Structures are given as structure tokens and as C-alpha cells.
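To be precise, the following lines are query_31.txt, and they hold compact mmCIF, C-alpha atoms.
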```
# COMPACT_ATOMS: atom_id res chain seq x y z
CA MET A 1 165.78 46.17 86.18
CA ILE A 2 164.65 46.06 89.84
CA ASN A 3 166.56 48.36 92.18
CA LEU A 4 166.85 48.26 95.95
CA GLU A 5 164.57 51.27 96.42
CA GLN A 6 161.77 49.48 94.55
CA LEU A 7 162.29 46.44 96.77
CA ARG A 8 162.06 48.59 99.89
CA LYS A 9 158.74 50.04 98.70
CA ILE A 10 157.39 46.55 98.06
CA TYR A 11 158.29 45.06 101.39
CA LYS A 12 157.17 48.20 103.22
CA PHE A 13 153.67 47.04 102.27
CA GLY A 14 153.99 44.07 104.60
CA ARG A 15 155.57 43.16 107.88
CA ASP A 16 158.71 41.11 108.56
CA ILE A 17 159.45 40.70 104.86
CA GLY A 18 163.10 40.96 103.93
CA VAL A 19 164.59 42.08 100.63
CA LYS A 20 165.09 38.44 99.60
CA ASP A 21 161.39 37.67 100.20
CA ALA A 22 160.30 40.74 98.25
CA TYR A 23 162.65 39.82 95.41
CA THR A 24 161.12 36.30 95.28
CA LEU A 25 157.72 37.89 94.66
CA ILE A 26 158.97 40.46 92.16
CA ALA A 27 161.02 37.91 90.19
CA SER A 28 157.86 35.82 89.73
CA ALA A 29 155.69 38.79 88.70
CA LYS A 30 155.33 40.57 85.37
CA SER A 31 155.97 44.29 85.08
CA VAL A 32 153.12 45.89 83.11
CA SER A 33 152.35 49.50 82.14
CA PHE A 34 148.89 50.94 81.55
CA LYS A 35 148.10 54.19 79.76
CA LYS A 36 145.65 56.69 81.19
CA ARG A 37 142.07 55.33 80.76
CA ASP A 38 143.25 51.72 80.21
CA MET A 39 141.20 49.12 82.07
CA LEU A 40 142.99 46.70 84.40
CA ILE A 41 139.76 44.79 85.05
CA GLU A 42 136.34 45.24 83.43
CA GLU A 43 132.84 44.59 84.72
CA GLY A 44 131.96 40.92 84.12
CA SER A 45 135.63 39.88 84.14
CA GLN A 46 136.66 36.65 85.83
CA LYS A 47 140.30 37.81 85.82
CA ASN A 48 142.10 36.39 88.82
CA GLN A 49 145.22 38.58 88.74
CA ILE A 50 146.69 40.58 91.59
CA PHE A 51 148.15 43.99 90.70
CA TYR A 52 150.60 45.89 92.90
CA ILE A 53 150.73 49.57 91.89
CA ARG A 54 154.32 50.78 91.63
CA LYS A 55 153.39 54.16 90.15
CA GLY A 56 150.09 55.69 89.15
CA LEU A 57 146.48 55.67 90.27
CA VAL A 58 143.54 53.30 89.70
CA ARG A 59 139.83 54.04 90.06
CA GLN A 60 137.37 51.31 91.02
CA PHE A 61 133.88 52.17 89.79
CA CYS A 62 130.56 50.71 88.73
CA ILE A 63 127.68 51.96 86.59
CA ASN A 64 124.39 52.35 88.45
CA ASP A 65 120.83 51.79 87.21
CA LYS A 66 120.71 55.36 85.86
CA GLY A 67 123.79 54.74 83.72
CA GLU A 68 125.99 56.93 85.95
CA GLU A 69 129.53 56.03 86.94
CA VAL A 70 129.93 55.72 90.71
CA THR A 71 133.49 55.72 92.05
CA PHE A 72 133.93 53.20 94.85
CA ALA A 73 137.67 53.59 95.52
CA LEU A 74 140.78 55.48 94.41
CA ILE A 75 143.81 53.21 94.71
CA PRO A 76 147.24 54.93 94.71
CA GLU A 77 150.85 53.75 94.62
CA TYR A 78 152.00 50.93 96.93
CA HIS A 79 148.51 49.41 97.15
CA MET A 80 147.03 46.30 95.60
CA VAL A 81 144.24 45.94 93.07
CA VAL A 82 142.36 42.65 93.17
CA ASN A 83 139.17 41.43 91.58
CA ALA A 84 137.46 41.05 94.96
CA ASP A 85 134.28 39.61 93.44
CA VAL A 86 136.23 36.68 91.97
CA LEU A 87 138.53 36.14 94.95
CA LEU A 88 135.96 36.50 97.72
CA PHE A 89 132.60 35.67 96.15
CA GLU A 90 133.54 33.53 93.12
CA GLN A 91 131.45 35.69 90.82
CA PRO A 92 132.30 37.99 87.88
CA SER A 93 133.45 41.50 88.73
CA ARG A 94 130.76 44.11 89.36
CA PHE A 95 133.39 46.85 88.97
CA TYR A 96 135.68 48.44 86.45
CA TYR A 97 139.29 49.21 87.46
CA GLU A 98 140.64 52.08 85.36
CA ALA A 99 144.08 53.70 85.28
CA LEU A 100 143.56 57.43 85.90
CA GLU A 101 147.22 58.17 85.19
CA PRO A 102 149.98 56.31 83.37
CA THR A 103 150.31 53.37 85.77
CA LYS A 104 153.02 50.78 86.32
CA VAL A 105 152.25 47.57 88.17
CA PHE A 106 153.66 44.21 89.13
CA THR A 107 151.08 41.54 88.34
CA MET A 108 150.69 37.84 88.99
CA GLU A 109 147.95 35.22 88.81
CA ASN A 110 146.47 34.65 92.26
CA GLU A 111 147.11 30.88 92.13
CA LYS A 112 150.82 31.46 91.45
CA LEU A 113 151.03 34.02 94.26
CA GLN A 114 149.37 31.65 96.73
CA SER A 115 151.80 28.88 95.75
CA ILE A 116 154.81 31.14 96.40
CA ILE A 117 153.38 32.36 99.71
CA SER A 118 152.59 28.84 100.92
CA ALA A 119 156.24 27.80 100.39
CA ASN A 120 157.64 30.71 102.46
CA PRO A 121 156.76 30.96 106.20
CA ARG A 122 157.47 34.73 106.34
CA LEU A 123 155.23 35.39 103.36
CA GLU A 124 152.57 33.08 104.80
CA ALA A 125 152.58 35.08 108.06
CA ASN A 126 152.46 38.29 106.08
CA ARG A 127 149.39 37.12 104.13
CA LYS A 128 147.45 37.10 107.42
CA PHE A 129 148.81 40.57 108.23
CA ALA A 130 147.74 41.83 104.78
CA LEU A 131 144.24 40.33 105.13
CA ARG A 132 143.85 41.97 108.55
CA LYS A 133 144.93 45.28 107.04
CA ILE A 134 142.32 44.96 104.26
CA LEU A 135 139.61 44.09 106.82
CA LYS A 136 140.70 46.97 109.06
CA ASP A 137 140.55 49.44 106.14
CA ALA A 138 137.06 48.19 105.17
CA MET A 139 135.84 48.49 108.77
CA TYR A 140 137.33 51.98 109.03
CA ARG A 141 135.44 53.04 105.92
CA VAL A 142 132.12 51.66 107.16
CA GLU A 143 132.61 53.34 110.54
CA SER A 144 133.42 56.68 108.92
CA LEU A 145 130.26 56.52 106.77
CA VAL A 146 128.12 55.73 109.81
CA LEU A 147 129.77 57.76 112.57
CA LEU A 148 131.31 60.82 110.91
CA SER A 149 129.58 63.79 109.35
CA PRO A 150 130.31 64.49 105.67
CA GLU A 151 132.62 67.35 106.68
CA GLU A 152 134.50 65.15 109.15
CA ARG A 153 134.86 62.46 106.47
CA TYR A 154 136.29 65.00 104.03
CA LYS A 155 138.77 66.36 106.58
CA GLN A 156 139.91 62.84 107.44
CA TYR A 157 140.24 62.01 103.73
CA LEU A 158 142.55 65.02 103.31
CA ILE A 159 144.70 63.74 106.17
CA ASP A 160 144.81 60.19 104.79
CA HIS A 161 145.25 61.21 101.11
CA PRO A 162 146.65 64.77 101.01
CA ASP A 163 147.60 64.73 97.31
CA MET A 164 144.43 63.11 95.97
CA VAL A 165 142.54 66.42 95.53
CA ASN A 166 145.18 67.45 92.97
CA ARG A 167 145.03 64.16 91.08
CA VAL A 168 141.33 63.46 90.46
CA PRO A 169 138.08 65.32 89.69
CA ASP A 170 135.99 66.38 92.69
CA LYS A 171 133.14 64.06 91.68
CA TYR A 172 135.34 60.99 92.27
CA ILE A 173 136.23 62.14 95.79
CA ALA A 174 132.57 62.98 96.49
CA ASN A 175 131.55 59.43 95.44
CA VAL A 176 134.18 57.85 97.68
CA LEU A 177 132.96 59.97 100.60
CA GLY A 178 129.31 59.06 99.92
CA ILE A 179 128.22 62.64 99.18
CA THR A 180 127.23 64.65 96.11
CA PRO A 181 129.69 66.96 94.33
CA VAL A 182 127.44 69.89 95.36
CA SER A 183 127.76 68.88 99.03
CA LEU A 184 131.53 68.59 98.66
CA SER A 185 131.66 72.11 97.20
CA ARG A 186 129.65 73.45 100.17
CA ILE A 187 131.91 71.68 102.65
CA ARG A 188 135.00 73.19 101.03
CA LYS A 189 133.42 76.64 101.09
CA ARG A 190 132.54 76.26 104.80
CA ILE A 191 136.07 75.16 105.65
CA LYS A 192 137.55 78.04 103.64
CA ASN A 193 135.26 80.60 105.30
CA HIS A 194 136.03 79.14 108.75
CA HIS A 195 139.76 79.61 108.13
CA LYS A 196 139.22 83.22 107.08
CA SER A 197 137.40 84.14 110.29
```

Please go through the file and, once you have read it, give me the structure as C-alpha cells.
Amino acid sequence: MINLEQLRKIYKFGRDIGVKDAYTLIASAKSVSFKKRDMLIEEGSQKNQIFYIRKGLVRQFCINDKGEEVTFALIPEYHMVVNADVLLFEQPSRFYYEALEPTKVFTMENEKLQSIISANPRLEANRKFALRKILKDAMYRVESLVLLSPEERYKQYLIDHPDMVNRVPDKYIANVLGITPVSLSRIRKRIKNHHKS
């Protein structure tokens, strides 16, 4: 059963979407649960589904030439998981998308979602808003990797995702920040020592 609070959380994702619009999307979507370590999308997948995380946490990662897992993103509640390789580049996924916690999602095939959005002017306008938000987030990440020091990136990550340090291993956060776990440990020690003095 969908309650009003769930609807509010869904339409908070966008702009100018009313409860009725959000309900249209939810009524057309499937509610699916994943256990910890379940894969939403695997490397090589051509899956064209969109997932909206209601509860839980998803890790996007790949395996490098050395056979090591490299975490690209940590995707929490109220965010979307999409197979970007399929949607943007029309190629199989280079990434795995793994539930790090028991995770509940709404899911829908992309073609069905686009059909619903095209028939609703408010949802159509919101699609452009959502795409701008995705582009803005990607640009923000590139800028932070180029312009901020590792310590500044970590401090900003704590501001943007204050609970993430309690939810995932340090190595995942280090990967997302583009640093080694050893560097992350040194940064934390420096910050701790700075606060003591």
C-alpha cells in the first residue's frame, strides 16, 4: 500500500510534481525488494530498467585490470539507479550495481516511463529538470576532483553525505573520493589532531 508520506518523498525528487503525478508514476511501477549483496544490474547487462530507491543503499562499481573492485558511486535513498551505459551510450553496462543493505525500490522499464512522461506536461517538464540535476551533479564531481584537495573533498563529502561513513567500509568512500584508503586514514587523523589543538 502506498501512503501519502511515500508520495511526498517521491515528488520531492522533482519540481512542480503534485501527488497525483507522483501516484501516476508509482501506480505504473513495480515495488521490488533486494537483499544485501543482491545485484540490481550486472556488468554486461543490457537491462533498461529505472530504479528509484525508497529505502537502502546501492553501490556502483567495476572491476579493474588487476581484478580489484573500484567503487564509482554510493547511491542512497530517494535517488535513481539507471544503467547509464545502455541509456546514454547504447552499450552493455560496464558496472555492477549492488545492494549494500536490504533495499526497496520502485522499478519500471525505461520505455514505459518515457511513455508516461510524454503524456503528462508536468512530468515532461520535470524530466528536463531531472536531467539538468544529473548533469549538475556530474559536473560538481569532476570539479571537486580537479579543484579540491583530497582533504577538502572528504570534508565536502561529509557535509553532503553525513551518515555514509557509518553505512559503508572506508575503502568505498576512498574510491568515490579518488584516493587510497591509506590516504583517507591520514586525512581523518589530520582532521582529528587539528580539532584537538

Task: Computed interatomic separation between CA of Ile75 (chain A) and CA of Arg59 (chain A) (Å) - done: 6.2 Å

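Nearest residue to Tyr52 (chain A), choosing from A:Ala174, A:Met164, A:Leu74, A:Met80 and counting all atoms listed in the file: A:Met80.
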
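If you look at CA of Tyr97 (chain A) and CA of Glu69 (chain A), they are 11.9 Å away from each other.
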
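Minimum atom-to-atom distance to Ile50 (chain A), evaluated using all atoms listed in the file, belongs to A:Thr107 out of A:Thr107, A:Ser31, A:Thr24, A:Ser93.
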
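Nearest-residue note for Pro162 (chain A): choosing from A:Lys66, A:Asn175, A:Ile41, A:Pro76, the minimum distance belongs to A:Pro76, counting only C-alpha atoms.
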
TODO: Taking the point (127.2, 62.4, 97.7) as given in the file, collect each protein or nucleic acid residue that comes within 12 Å of it, counting all atoms listed in the file, and present the set as an MDAnalysis selection string.
DONE: chainID A and resid 70:72 145 149:151 153:154 170:187

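Atom to atom, CA of Lys112 (chain A) and CA of Ser28 (chain A) stand 8.5 Å apart.
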
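Among the candidates A:Ile63, A:Gln49, A:Ala99, A:Tyr23, the residue lying nearest to Glu111 (chain A) is A:Gln49 (atoms considered: only C-alpha atoms).
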
Open item on the list: I'd like the contact shell of Glu101 (chain A) - 7 Å cut-off, all atoms listed in the file, skipping same-chain residues fewer than 4 positions apart - returned as a count of residues only.
Closed with: 4

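Closest approach to Arg54 (chain A) from the set A:Val82, A:Val105, A:Leu100, A:Ala27 is made by A:Val105, with distances taken over all atoms listed in the file.
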
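Closest approach to Tyr96 (chain A) from the set A:Met139, A:Val19, A:Leu40, A:Ala130 is made by A:Leu40, with distances taken over only C-alpha atoms.
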
Task: Spatial neighbours of Ala84 (chain A), max dist 10 Å, all atoms listed in the file, sep filter under 6 positions, as number ranges by chain - done: A: 48, 50, 90-95
